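The data block below is structure.cif; it holds mmCIF, C-alpha atoms (C1' of nucleotides).
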data_start
#
loop_
_atom_site.label_atom_id
_atom_site.label_comp_id
_atom_site.auth_asym_id
_atom_site.auth_seq_id
_atom_site.Cartn_x
_atom_site.Cartn_y
_atom_site.Cartn_z
CA MET A 956 182.33 67.33 53.75
CA PRO A 957 181.91 66.56 50.07
CA ASN A 958 182.86 69.98 48.74
CA SER A 959 185.73 71.18 50.91
CA GLN A 960 188.99 71.97 49.18
CA LYS A 961 192.14 70.70 50.82
CA LYS A 962 191.25 67.27 52.09
CA THR A 963 193.44 65.32 54.37
CA LYS A 964 194.17 61.74 53.46
CA LYS A 965 191.92 60.70 56.32
CA GLU A 966 189.03 62.66 54.83
CA LEU A 967 189.67 61.11 51.44
CA VAL A 968 189.68 57.64 52.93
CA PHE A 969 186.44 58.24 54.83
CA GLU A 970 184.73 59.64 51.76
CA ALA A 971 185.85 56.79 49.53
CA ALA A 972 184.69 54.34 52.18
CA GLY A 973 181.24 55.91 52.28
CA LYS A 974 181.00 55.71 48.53
CA LEU A 975 182.05 52.08 48.55
CA PHE A 976 179.55 51.27 51.31
CA MET A 977 176.82 52.87 49.24
CA GLU A 978 177.75 51.07 46.03
CA LYS A 979 178.26 47.57 47.40
CA GLY A 980 176.66 47.62 50.82
CA TYR A 981 178.66 47.69 54.05
CA LEU A 982 179.40 43.97 54.26
CA ALA A 983 180.28 43.53 50.60
CA ALA A 984 182.65 46.50 50.70
CA SER A 985 186.12 45.14 51.38
CA MET A 986 189.01 47.00 52.93
CA ARG A 987 191.21 45.70 50.12
CA GLU A 988 189.04 47.41 47.49
CA LEU A 989 188.95 50.57 49.56
CA ALA A 990 192.74 50.57 49.71
CA GLU A 991 192.95 50.29 45.93
CA ARG A 992 190.55 53.17 45.46
CA VAL A 993 192.60 55.54 47.57
CA GLY A 994 195.87 54.46 46.00
CA LEU A 995 197.24 52.23 48.71
CA GLU A 996 198.75 48.89 47.83
CA GLN A 997 197.86 47.22 51.08
CA ALA A 998 194.65 47.18 53.05
CA SER A 999 196.71 47.27 56.21
CA SER A 1000 197.86 50.77 55.33
CA LEU A 1001 194.32 52.00 55.81
CA TYR A 1002 194.64 51.49 59.54
CA ASN A 1003 196.83 54.57 59.80
CA HIS A 1004 193.75 56.59 58.87
CA LEU A 1005 190.95 54.69 60.55
CA LYS A 1006 190.57 52.49 63.59
CA SER A 1007 188.26 49.98 62.01
CA LYS A 1008 185.80 49.54 59.16
CA GLU A 1009 182.98 50.10 61.58
CA GLU A 1010 184.40 53.41 62.76
CA VAL A 1011 183.57 54.84 59.34
CA LEU A 1012 180.04 53.48 59.44
CA ARG A 1013 179.55 54.93 62.92
CA LYS A 1014 180.69 58.36 61.81
CA ILE A 1015 178.33 58.35 58.84
CA CYS A 1016 175.34 57.14 60.84
CA PHE A 1017 175.75 59.50 63.78
CA ASP A 1018 176.72 62.55 61.73
CA ASN A 1019 173.54 62.20 59.73
CA ALA A 1020 171.44 61.50 62.79
CA ASN A 1021 172.72 64.74 64.25
CA LYS A 1022 171.85 66.68 61.12
CA PHE A 1023 168.25 65.59 61.49
CA ILE A 1024 168.15 66.19 65.23
CA ASN A 1025 169.61 69.67 64.90
CA GLY A 1026 167.21 70.40 62.07
CA ILE A 1027 164.10 69.39 63.96
CA SER A 1028 165.27 71.29 67.06
CA GLU A 1029 165.37 74.52 65.07
CA ILE A 1030 162.00 73.86 63.50
CA GLU A 1031 160.37 73.15 66.85
CA GLN A 1032 161.50 76.47 68.28
CA GLN A 1033 159.81 78.58 65.63
CA SER A 1034 156.25 79.68 66.25
CA ASN A 1035 154.74 78.42 63.04
CA THR A 1036 151.69 76.44 62.05
CA SER A 1037 152.05 72.67 62.02
CA ALA A 1038 151.68 72.65 58.26
CA GLU A 1039 154.59 75.07 57.95
CA LYS A 1040 156.68 72.90 60.27
CA VAL A 1041 155.94 69.80 58.24
CA LYS A 1042 156.94 71.64 55.08
CA GLN A 1043 160.19 72.61 56.73
CA LEU A 1044 160.80 69.03 57.81
CA ILE A 1045 160.30 67.83 54.25
CA ALA A 1046 162.72 70.51 53.10
CA LEU A 1047 165.20 69.38 55.77
CA HIS A 1048 165.13 65.80 54.48
CA ILE A 1049 165.59 66.91 50.91
CA ARG A 1050 168.43 69.22 51.86
CA VAL A 1051 170.28 66.59 53.90
CA ALA A 1052 169.80 64.03 51.11
CA THR A 1053 171.07 66.32 48.36
CA ASP A 1054 173.91 67.87 50.37
CA ASP A 1055 175.63 64.51 50.63
CA PHE A 1056 173.54 61.78 49.10
CA THR A 1057 176.24 59.15 49.52
CA SER A 1058 176.34 59.42 53.25
CA VAL A 1059 172.57 59.68 53.68
CA THR A 1060 172.16 56.50 51.65
CA VAL A 1061 174.57 54.64 53.91
CA PHE A 1062 172.82 56.12 56.94
CA ASN A 1063 169.47 54.91 55.62
CA ASP A 1064 170.46 51.46 54.47
CA GLU A 1065 173.44 50.25 56.48
CA TRP A 1066 172.87 51.28 60.11
CA ARG A 1067 171.85 47.78 61.04
CA HIS A 1068 175.44 46.66 60.78
CA LEU A 1069 176.44 48.82 63.72
CA SER A 1070 177.55 46.73 66.70
CA GLU A 1071 176.34 47.29 70.23
CA PRO A 1072 176.12 49.63 72.01
CA PHE A 1073 176.13 51.86 68.94
CA LEU A 1074 173.17 50.11 67.37
CA SER A 1075 171.02 50.76 70.43
CA ASN A 1076 172.20 54.34 70.66
CA PHE A 1077 171.34 54.89 67.03
CA LEU A 1078 167.87 53.41 67.39
CA THR A 1079 167.24 55.58 70.44
CA LEU A 1080 168.10 58.69 68.44
CA ARG A 1081 165.91 57.59 65.60
CA ARG A 1082 162.95 56.83 67.84
CA ASP A 1083 163.36 60.21 69.51
CA TYR A 1084 163.39 61.99 66.16
CA GLU A 1085 160.32 60.11 64.97
CA ASN A 1086 158.44 60.92 68.17
CA ARG A 1087 159.16 64.60 67.79
CA PHE A 1088 158.09 64.53 64.15
CA ARG A 1089 154.92 62.64 65.13
CA LYS A 1090 154.07 65.24 67.76
CA ILE A 1091 154.13 67.98 65.16
CA ILE A 1092 151.74 65.97 63.01
CA GLU A 1093 149.49 65.30 65.99
CA SER A 1094 149.25 68.94 66.95
CA GLY A 1095 148.29 69.74 63.37
CA ILE A 1096 145.52 67.18 63.58
CA ALA A 1097 144.41 68.52 66.97
CA SER A 1098 144.33 72.09 65.69
CA GLY A 1099 142.26 71.10 62.67
CA GLU A 1100 144.95 71.95 60.12
CA PHE A 1101 145.29 68.31 59.10
CA LYS A 1102 142.73 65.65 58.36
CA LYS A 1103 142.10 63.04 60.99
CA THR A 1104 144.78 60.56 60.02
CA HIS A 1105 146.63 57.94 62.01
CA SER A 1106 149.74 59.89 62.95
CA THR A 1107 152.11 56.96 62.50
CA VAL A 1108 150.78 56.35 59.01
CA ALA A 1109 151.24 60.01 58.15
CA LEU A 1110 154.70 60.04 59.72
CA TYR A 1111 156.07 57.08 57.79
CA THR A 1112 154.39 58.08 54.57
CA ILE A 1113 156.27 61.37 54.76
CA LEU A 1114 159.55 59.87 55.96
CA THR A 1115 159.71 57.27 53.23
CA SER A 1116 158.47 59.60 50.49
CA VAL A 1117 161.70 61.40 50.79
CA ARG A 1118 163.98 58.39 50.70
CA TRP A 1119 164.19 57.80 46.94
CA ILE A 1120 165.88 61.10 46.23
CA HIS A 1121 169.38 59.70 46.09
CA TYR A 1122 168.22 57.34 43.37
CA TRP A 1123 166.87 60.23 41.33
CA TYR A 1124 170.00 62.20 42.10
CA ASN A 1125 172.12 59.69 40.17
CA GLU A 1126 170.00 59.78 37.03
CA GLU A 1127 169.76 62.61 34.58
CA ARG A 1128 167.97 65.35 36.43
CA GLU A 1129 165.38 67.02 34.28
CA LEU A 1130 164.05 68.83 37.30
CA SER A 1131 165.49 71.41 39.67
CA LEU A 1132 165.77 70.73 43.37
CA GLU A 1133 163.23 73.46 44.06
CA ASP A 1134 160.65 72.01 41.68
CA MET A 1135 161.10 68.55 43.13
CA GLU A 1136 160.64 69.85 46.64
CA LYS A 1137 157.52 71.72 45.54
CA ASP A 1138 156.02 68.62 43.93
CA ILE A 1139 156.73 66.33 46.90
CA THR A 1140 155.37 68.84 49.39
CA SER A 1141 152.31 69.40 47.25
CA MET A 1142 151.59 65.68 46.96
CA LEU A 1143 151.92 65.04 50.65
CA LEU A 1144 150.01 68.08 51.86
CA THR A 1145 147.35 68.60 49.22
CA GLY A 1146 147.47 65.32 47.29
CA LEU A 1147 147.89 64.27 43.71
CA GLU A 1148 144.24 64.76 42.74
CA LYS A 1149 142.91 68.03 41.48
CA ASP A 1150 140.21 69.64 43.61
CA MET K 209 153.32 30.40 50.73
CA PRO K 210 153.36 31.50 54.33
CA ASN K 211 150.03 29.97 55.33
CA SER K 212 149.86 26.62 53.57
CA GLN K 213 149.47 23.55 55.72
CA LYS K 214 151.69 20.59 54.90
CA LYS K 215 155.00 22.09 53.96
CA THR K 216 157.78 20.14 52.42
CA LYS K 217 161.20 20.41 53.97
CA LYS K 218 162.26 22.39 50.93
CA GLU K 219 159.51 24.92 51.55
CA LEU K 220 160.49 25.17 55.21
CA VAL K 221 164.10 25.76 54.27
CA PHE K 222 163.22 28.46 51.73
CA GLU K 223 160.94 30.21 54.21
CA ALA K 224 163.50 30.14 57.00
CA ALA K 225 166.11 31.44 54.56
CA GLY K 226 163.90 34.37 53.60
CA LYS K 227 163.35 35.20 57.24
CA LEU K 228 167.06 35.04 57.94
CA PHE K 229 167.83 37.23 54.91
CA MET K 230 165.35 39.78 56.20
CA GLU K 231 166.67 39.79 59.75
CA LYS K 232 170.40 39.93 59.01
CA GLY K 233 170.64 40.93 55.39
CA TYR K 234 171.59 38.52 52.61
CA LEU K 235 175.34 38.67 53.08
CA ALA K 236 175.28 38.45 56.87
CA ALA K 237 172.94 35.47 56.77
CA SER K 238 175.10 32.35 56.95
CA MET K 239 174.19 28.91 55.72
CA ARG K 240 175.36 27.52 59.06
CA GLU K 241 172.80 29.58 60.95
CA LEU K 242 170.13 28.64 58.46
CA ALA K 243 170.94 24.95 59.00
CA GLU K 244 170.55 25.37 62.77
CA ARG K 245 167.22 27.07 62.36
CA VAL K 246 165.75 24.24 60.34
CA GLY K 247 167.15 21.57 62.62
CA LEU K 248 170.09 20.41 60.57
CA GLU K 249 173.46 19.88 62.18
CA GLN K 250 175.46 20.66 59.10
CA ALA K 251 175.21 23.46 56.59
CA SER K 252 176.13 20.98 53.91
CA SER K 253 172.83 19.17 54.45
CA LEU K 254 171.01 22.23 53.15
CA TYR K 255 172.25 21.49 49.67
CA ASN K 256 169.80 18.63 49.36
CA HIS K 257 167.05 21.25 49.39
CA LEU K 258 168.60 24.12 47.52
CA LYS K 259 171.23 24.55 44.83
CA SER K 260 172.85 27.61 46.32
CA LYS K 261 172.22 30.48 48.69
CA GLU K 262 171.55 32.71 45.74
CA GLU K 263 168.89 30.39 44.36
CA VAL K 264 166.72 31.34 47.33
CA LEU K 265 167.31 35.05 46.78
CA ARG K 266 166.47 34.67 43.11
CA LYS K 267 163.20 32.91 43.87
CA ILE K 268 162.17 35.62 46.34
CA CYS K 269 163.07 38.48 44.02
CA PHE K 270 161.44 37.11 40.90
CA ASP K 271 158.33 35.73 42.62
CA ASN K 272 157.63 39.17 44.04
CA ALA K 273 158.42 40.92 40.78
CA ASN K 274 155.85 38.68 39.12
CA LYS K 275 153.23 39.52 41.72
CA PHE K 276 153.59 43.18 40.86
CA ILE K 277 153.68 42.59 37.13
CA ASN K 278 150.59 40.40 37.20
CA GLY K 279 148.86 42.96 39.40
CA ILE K 280 149.51 45.90 37.14
CA SER K 281 148.51 43.87 34.07
CA GLU K 282 145.05 43.28 35.55
CA ILE K 283 144.70 46.91 36.56
CA GLU K 284 145.65 48.16 33.12
CA GLN K 285 142.96 46.06 31.45
CA GLN K 286 140.08 47.56 33.40
CA SER K 287 138.38 50.63 31.99
CA ASN K 288 138.69 52.86 35.02
CA THR K 289 139.76 56.41 35.72
CA SER K 290 143.45 56.96 36.35
CA ALA K 291 142.71 57.86 39.96
CA GLU K 292 140.96 54.54 40.44
CA LYS K 293 143.88 52.71 38.86
CA VAL K 294 146.35 54.45 41.16
CA LYS K 295 144.21 53.50 44.14
CA GLN K 296 144.27 49.92 43.00
CA LEU K 297 148.03 50.04 42.58
CA ILE K 298 148.43 51.33 46.12
CA ALA K 299 146.15 48.52 47.30
CA LEU K 300 148.25 46.04 45.33
CA HIS K 301 151.43 47.15 47.06
CA ILE K 302 149.81 46.95 50.46
CA ARG K 303 148.37 43.53 49.74
CA VAL K 304 151.67 42.09 48.47
CA ALA K 305 153.50 43.57 51.46
CA THR K 306 151.07 42.21 54.03
CA ASP K 307 150.55 38.81 52.40
CA ASP K 308 154.19 37.96 52.93
CA PHE K 309 156.08 40.83 54.40
CA THR K 310 159.24 38.80 54.89
CA SER K 311 159.69 38.09 51.24
CA VAL K 312 158.73 41.58 50.10
CA THR K 313 161.32 43.04 52.45
CA VAL K 314 164.03 40.84 50.98
CA PHE K 315 162.80 41.73 47.49
CA ASN K 316 163.02 45.42 48.36
CA ASP K 317 166.34 45.46 50.15
CA GLU K 318 168.49 42.58 48.91
CA TRP K 319 168.03 42.37 45.15
CA ARG K 320 171.36 44.05 44.56
CA HIS K 321 173.14 40.89 45.64
CA LEU K 322 171.82 38.99 42.63
CA SER K 323 174.59 37.98 40.26
CA GLU K 324 174.46 38.50 36.52
CA PRO K 325 172.49 37.87 34.41
CA PHE K 326 169.78 37.80 37.08
CA LEU K 327 170.56 41.29 38.30
CA SER K 328 170.06 42.75 34.83
CA ASN K 329 166.90 40.74 34.31
CA PHE K 330 165.53 41.96 37.60
CA LEU K 331 166.29 45.58 36.83
CA THR K 332 164.63 45.24 33.44
CA LEU K 333 161.45 43.96 35.07
CA ARG K 334 161.53 46.75 37.61
CA ARG K 335 162.04 49.44 35.00
CA ASP K 336 159.19 47.99 32.95
CA TYR K 337 156.88 48.02 35.96
CA GLU K 338 157.81 51.59 36.83
CA ASN K 339 157.24 52.75 33.27
CA ARG K 340 153.77 51.22 33.22
CA PHE K 341 152.94 52.81 36.57
CA ARG K 342 154.26 56.15 35.33
CA LYS K 343 152.08 55.96 32.22
CA ILE K 344 148.98 55.64 34.36
CA ILE K 345 150.01 58.72 36.32
CA GLU K 346 150.72 60.60 33.11
CA SER K 347 147.35 59.82 31.59
CA GLY K 348 145.73 61.08 34.79
CA ILE K 349 147.64 64.33 34.45
CA ALA K 350 146.74 64.57 30.76
CA SER K 351 143.05 63.99 31.47
CA GLY K 352 143.03 66.65 34.19
CA GLU K 353 142.30 64.24 37.03
CA PHE K 354 145.69 64.92 38.60
CA LYS K 355 147.57 68.11 39.24
CA LYS K 356 150.42 68.97 36.94
CA THR K 357 153.19 67.12 38.73
CA HIS K 358 156.45 65.68 37.53
CA SER K 359 155.40 62.08 36.89
CA THR K 360 158.64 60.57 38.18
CA VAL K 361 158.32 62.49 41.42
CA ALA K 362 154.74 61.30 41.82
CA LEU K 363 155.73 57.75 40.93
CA TYR K 364 158.52 57.43 43.48
CA THR K 365 156.61 59.26 46.16
CA ILE K 366 153.87 56.64 45.84
CA LEU K 367 156.23 53.69 45.49
CA THR K 368 158.26 54.54 48.56
CA SER K 369 155.25 55.58 50.65
CA VAL K 370 154.28 52.00 50.69
CA ARG K 371 157.63 50.55 51.65
CA TRP K 372 157.54 51.05 55.42
CA ILE K 373 154.60 48.73 55.92
CA HIS K 374 156.66 45.73 56.90
CA TYR K 375 158.17 47.80 59.69
CA TRP K 376 154.74 48.69 61.00
CA TYR K 377 153.67 45.10 60.53
CA ASN K 378 156.18 43.94 63.14
CA GLU K 379 155.08 46.40 65.79
CA GLU K 380 151.87 46.32 67.73
CA ARG K 381 149.21 47.11 65.23
CA GLU K 382 146.63 49.49 66.59
CA LEU K 383 145.18 49.91 63.15
CA SER K 384 143.44 47.57 60.74
CA LEU K 385 144.81 46.94 57.29
CA GLU K 386 141.77 48.62 55.78
CA ASP K 387 142.18 51.79 57.82
CA MET K 388 145.86 51.99 57.01
CA GLU K 389 145.16 51.61 53.31
CA LYS K 390 142.51 54.31 53.54
CA ASP K 391 144.89 56.73 55.29
CA ILE K 392 147.76 56.17 52.87
CA THR K 393 145.52 56.51 49.82
CA SER K 394 143.95 59.63 51.26
CA MET K 395 147.32 61.24 51.97
CA LEU K 396 148.68 60.55 48.51
CA LEU K 397 145.58 61.47 46.55
CA THR K 398 144.01 64.29 48.56
CA GLY K 399 146.84 65.24 50.92
CA LEU K 400 147.28 65.60 54.65
CA GLU K 401 145.88 69.12 54.84
CA LYS K 402 142.22 69.81 55.35
CA ASP K 403 140.51 71.70 52.55
"C1'" DC H 564 171.43 13.87 56.32
"C1'" DC H 565 176.27 13.57 58.14
"C1'" DT H 566 181.55 13.47 57.96
"C1'" DA H 567 185.30 15.56 56.39
"C1'" DC H 568 187.16 19.04 54.11
"C1'" DC H 569 188.54 22.89 50.63
"C1'" DG H 570 189.96 27.25 48.65
"C1'" DA H 571 188.81 31.94 49.03
"C1'" DT H 572 188.29 35.91 51.43
"C1'" DC H 573 187.61 38.61 55.34
"C1'" DG H 574 189.11 42.47 58.99
"C1'" DG H 575 192.85 43.33 61.43
"C1'" DT H 576 197.86 43.16 63.92
"C1'" DA H 577 203.02 43.23 64.58
"C1'" DG H 578 206.86 45.28 63.32
"C1'" DG H 579 209.61 48.18 60.89
"C1'" DC V 338 203.02 53.08 54.07
"C1'" DC V 339 204.65 48.23 53.22
"C1'" DT V 340 205.82 43.21 54.38
"C1'" DA V 341 204.30 39.34 56.30
"C1'" DC V 342 200.89 37.07 58.35
"C1'" DC V 343 196.83 35.35 61.39
"C1'" DG V 344 192.54 33.28 62.96
"C1'" DA V 345 187.88 33.22 61.66
"C1'" DT V 346 184.41 32.45 58.65
"C1'" DC V 347 182.39 31.88 54.33
"C1'" DG V 348 179.68 29.00 50.50
"C1'" DG V 349 180.07 24.84 48.72
"C1'" DT V 350 181.73 19.71 47.22
"C1'" DA V 351 182.84 14.64 47.56
"C1'" DG V 352 181.43 10.66 49.17
"C1'" DG V 353 178.77 7.69 51.62
#

Using the file provided, produce a representation of the structure as structure tokens.
Amino acid sequence: MPNSQKKTKKELVFEAAGKLFMEKGYLAASMRELAERVGLEQASSLYNHLKSKEEVLRKICFDNANKFINGISEIEQQSNTSAEKVKQLIALHIRVATDDFTSVTVFNDEWRHLSEPFLSNFLTLRRDYENRFRKIIESGIASGEFKKTHSTVALYTILTSVRWIHYWYNEERELSLEDMEKDITSMLLTGLEKD
Amino acid sequence: MPNSQKKTKKELVFEAAGKLFMEKGYLAASMRELAERVGLEQASSLYNHLKSKEEVLRKICFDNANKFINGISEIEQQSNTSAEKVKQLIALHIRVATDDFTSVTVFNDEWRHLSEPFLSNFLTLRRDYENRFRKIIESGIASGEFKKTHSTVALYTILTSVRWIHYWYNEERELSLEDMEKDITSMLLTGLEKD
DNA sequence: CCTACCGATCGGTAGG
DNA sequence: CCTACCGATCGGTAGG
């Protein structure tokens, strides 16, 4: 909740933790530095607000997973063409990434430090999401909307195309969100080359 | 050198280290586990073959950076269309990734753990590479070969599209390298949609 | 390549 | 929220 107004100390701690995880990586982020950043003298004081370092990582990973799962569920229910659904999925990824780019970066890059059984749960959710995304691509190929392409290649090309946005988001942005979304969608659906 | 025949112990140690860095991440990879994997009882014995843990990371990061820099230098010298150059750049990324996917994964994901001045040197090389790649895209837009697209958006869409290959490389591969390259190039240059 | 070991740092707990 | 502290683990060195 990056834009809410009256934040509890717990929310502040969780947000600062996410930012630290993003900046240094989960393992390199120390509880002592986190304590400093939220104005606590001792790392031990953090444990009034969180159960463990990993609890924060779990929250970030599963909250973001749920954003994607809820998003694709809505998109599946609409009676649209496959091309329209893929466009909406691209828009979903861009929206999630720009809503809270800190947490989506941690979700993308640090999930592997989850311990079991959370790691397995997370991977199950991810595989499920990817399968549902792949099915949309495959029905577009079957219906003739899309070229005959290996669906896994198309899937990962789209999924990764959308993963550099947080990097761009930190730089000077000479481009509006809408224009960026238009350019990415255009490249993936109709290509960079002129007809 | 993943396929050479008579490897020195030093080469074996560096290779095993790269694999461990990929599997666990640089920070989570311990010198004690590396020692076990190469048949040494003590982590301290590793230091006959390497100067430090970071030395291995540095070698991986800069060796791969040089592969890309040498690749783009060759491509720039040829008198080809911009579209052909972009195709060759995509092929370069796929080739580097599949030649030694372990080391390219570490290069992609772990460079941030380089210490100064290596981190700054690395980022300078990366920025230089990206600028040269961007220039090729921009001349294709200027010449009318490519659609009017924000060149940074096009650049990162291409660069990240090619970063999931190591993931695919670990799974069962139902697809040849050549077919994958064809599908990725087709998606990025002419899009997923049928005309 | 091993033995022996070091100082630093880690996440986390007990108790108030 | 702090004081005091713990056991574990880390990368690395000295010396042979």

Distance table requested - chain A against chain V, cut-off 9 Å, all atoms listed in the file: one row per qualifying residue with the closest atom pair and its distance in Å to one decimal, ordered by chain and rising residue number, as a tab-separated table.
residue	atom	partner	partner_atom	distance
A:Leu995	CA	V:DC338	C1'	7.9
A:Glu996	CA	V:DC339	C1'	8.0
A:Gln997	CA	V:DC339	C1'	7.2
A:Ser999	CA	V:DC339	C1'	8.5
A:Ser1000	CA	V:DC338	C1'	5.8
A:Leu1001	CA	V:DC338	C1'	8.9
A:Asn1003	CA	V:DC338	C1'	8.6

Select from chain K every residue with an atom at most 9 Å from any atom of chain A, then for each give the shortest pair of atoms and their distance in Å to one decimal, using all atoms listed in the file, rows by chain and rising number, as a Markdown table.
| residue | atom | partner | partner_atom | distance |
| --- | --- | --- | --- | --- |
| K:Lys232 | CA | A:Arg1067 | CA | 8.2 |
| K:Gly233 | CA | A:Arg1067 | CA | 9.0 |
| K:Leu235 | CA | A:Leu982 | CA | 6.8 |
| K:Ala236 | CA | A:Leu982 | CA | 7.4 |
| K:Ala291 | CA | A:Glu1148 | CA | 7.6 |
| K:Asp317 | CA | A:Asp1064 | CA | 8.5 |
| K:Arg320 | CA | A:Lys979 | CA | 8.3 |
| K:His321 | CA | A:Lys979 | CA | 8.6 |
| K:Gly348 | CA | A:Glu1148 | CA | 8.9 |
| K:Ile349 | CA | A:Glu1148 | CA | 9.0 |
| K:Gly352 | CA | A:Lys1149 | CA | 7.4 |
| K:Glu353 | CA | A:Lys1149 | CA | 5.9 |
| K:Phe354 | CA | A:Glu1148 | CA | 4.4 |
| K:Lys355 | CA | A:Lys1149 | CA | 5.2 |
| K:Lys356 | CA | A:Leu1147 | CA | 8.6 |
| K:Thr357 | CA | A:Asp1138 | CA | 6.1 |
| K:His358 | CA | A:Asp1138 | CA | 7.1 |
| K:Thr360 | CA | A:Trp1123 | CA | 8.8 |
| K:Val361 | CA | A:Ile1139 | CA | 6.9 |
| K:Ala362 | CA | A:Ile1139 | CA | 7.4 |
| K:Tyr364 | CA | A:Trp1119 | CA | 6.7 |
| K:Thr365 | CA | A:Ser1116 | CA | 4.7 |
| K:Ile366 | CA | A:Ser1116 | CA | 7.2 |
| K:Leu367 | CA | A:Ser1116 | CA | 8.1 |
| K:Thr368 | CA | A:Ser1116 | CA | 5.4 |
| K:Ser369 | CA | A:Thr1112 | CA | 4.7 |
| K:Val370 | CA | A:Thr1112 | CA | 7.2 |
| K:Arg371 | CA | A:Thr1115 | CA | 7.2 |
| K:Trp372 | CA | A:Tyr1111 | CA | 6.6 |
| K:Ile373 | CA | A:Tyr1111 | CA | 8.7 |
| K:Trp376 | CA | A:Thr1107 | CA | 8.8 |
| K:Leu383 | CA | A:His1105 | CA | 8.2 |
| K:Asp387 | CA | A:His1105 | CA | 8.7 |
| K:Met388 | CA | A:Val1108 | CA | 6.9 |
| K:Asp391 | CA | A:Thr1104 | CA | 6.1 |
| K:Ile392 | CA | A:Val1108 | CA | 6.8 |
| K:Ser394 | CA | A:Gly1146 | CA | 7.8 |
| K:Met395 | CA | A:Leu1143 | CA | 6.1 |
| K:Leu396 | CA | A:Gly1146 | CA | 5.1 |
| K:Leu397 | CA | A:Gly1146 | CA | 4.4 |
| K:Thr398 | CA | A:Gly1146 | CA | 3.8 |
| K:Gly399 | CA | A:Gly1146 | CA | 3.7 |
| K:Leu400 | CA | A:Leu1144 | CA | 4.6 |
| K:Glu401 | CA | A:Phe1101 | CA | 4.4 |
| K:Lys402 | CA | A:Phe1101 | CA | 5.1 |
| K:Asp403 | CA | A:Thr1145 | CA | 8.2 |

Write out the residues from the selection above, keeping C-alpha atoms, as a CSV table (one decimal), in the coordinates of the input.
chain,number,residue,atom,x,y,z
K,232,LYS,CA,170.4,39.9,59.0
K,233,GLY,CA,170.6,40.9,55.4
K,235,LEU,CA,175.3,38.7,53.1
K,236,ALA,CA,175.3,38.4,56.9
K,291,ALA,CA,142.7,57.9,40.0
K,317,ASP,CA,166.3,45.5,50.2
K,320,ARG,CA,171.4,44.0,44.6
K,321,HIS,CA,173.1,40.9,45.6
K,348,GLY,CA,145.7,61.1,34.8
K,349,ILE,CA,147.6,64.3,34.4
K,352,GLY,CA,143.0,66.6,34.2
K,353,GLU,CA,142.3,64.2,37.0
K,354,PHE,CA,145.7,64.9,38.6
K,355,LYS,CA,147.6,68.1,39.2
K,356,LYS,CA,150.4,69.0,36.9
K,357,THR,CA,153.2,67.1,38.7
K,358,HIS,CA,156.4,65.7,37.5
K,360,THR,CA,158.6,60.6,38.2
K,361,VAL,CA,158.3,62.5,41.4
K,362,ALA,CA,154.7,61.3,41.8
K,364,TYR,CA,158.5,57.4,43.5
K,365,THR,CA,156.6,59.3,46.2
K,366,ILE,CA,153.9,56.6,45.8
K,367,LEU,CA,156.2,53.7,45.5
K,368,THR,CA,158.3,54.5,48.6
K,369,SER,CA,155.2,55.6,50.6
K,370,VAL,CA,154.3,52.0,50.7
K,371,ARG,CA,157.6,50.6,51.6
K,372,TRP,CA,157.5,51.0,55.4
K,373,ILE,CA,154.6,48.7,55.9
K,376,TRP,CA,154.7,48.7,61.0
K,383,LEU,CA,145.2,49.9,63.2
K,387,ASP,CA,142.2,51.8,57.8
K,388,MET,CA,145.9,52.0,57.0
K,391,ASP,CA,144.9,56.7,55.3
K,392,ILE,CA,147.8,56.2,52.9
K,394,SER,CA,144.0,59.6,51.3
K,395,MET,CA,147.3,61.2,52.0
K,396,LEU,CA,148.7,60.6,48.5
K,397,LEU,CA,145.6,61.5,46.6
K,398,THR,CA,144.0,64.3,48.6
K,399,GLY,CA,146.8,65.2,50.9
K,400,LEU,CA,147.3,65.6,54.6
K,401,GLU,CA,145.9,69.1,54.8
K,402,LYS,CA,142.2,69.8,55.4
K,403,ASP,CA,140.5,71.7,52.6

Explicit residues for the PyMOL selection byres ((chain K and resi 292-305) around 8) (as a PyMOL selection string): chain K and resi 272+275-276+279-280+283-284+288-291+306-309+312-313+344-345+366+370+373-374+389+393

In Å, how far is it from CA of Tyr1002 in chain A to CA of Phe969 in chain A?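 That distance, rounded to one decimal, is 11.6 Å.
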
To one decimal in Å, tell me the separation between CA of Met230 in chain K and CA of Leu1080 in chain A.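 Answer for the CA of Met230 in chain K to CA of Leu1080 in chain A separation: 22.7 Å.
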
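Going from CA of Ser260 in chain K to CA of Ala243 in chain K covers 13.1 Å.
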
Find the residues near Val1011 in chain A: any atom within 12 Å, counting only C-alpha atoms (C1' of nucleotides), skip ones fewer than 5 places away on the same chain, and give them as a ChimeraX atom specification. /A:965-976,981,986,989,1001-1002,1004-1006,1016-1018,1058,1061-1062,1065-1066,1068-1069

Per-axis box centre and lengths in Å around range 999-1008 of chain A, 5 Å margin per side, axis-aligned, as lines of an AutoDock Vina configuration file:
center_x = 191.8
center_y = 51.9
center_z = 59.5
size_x = 22.1
size_y = 19.3
size_z = 18.3
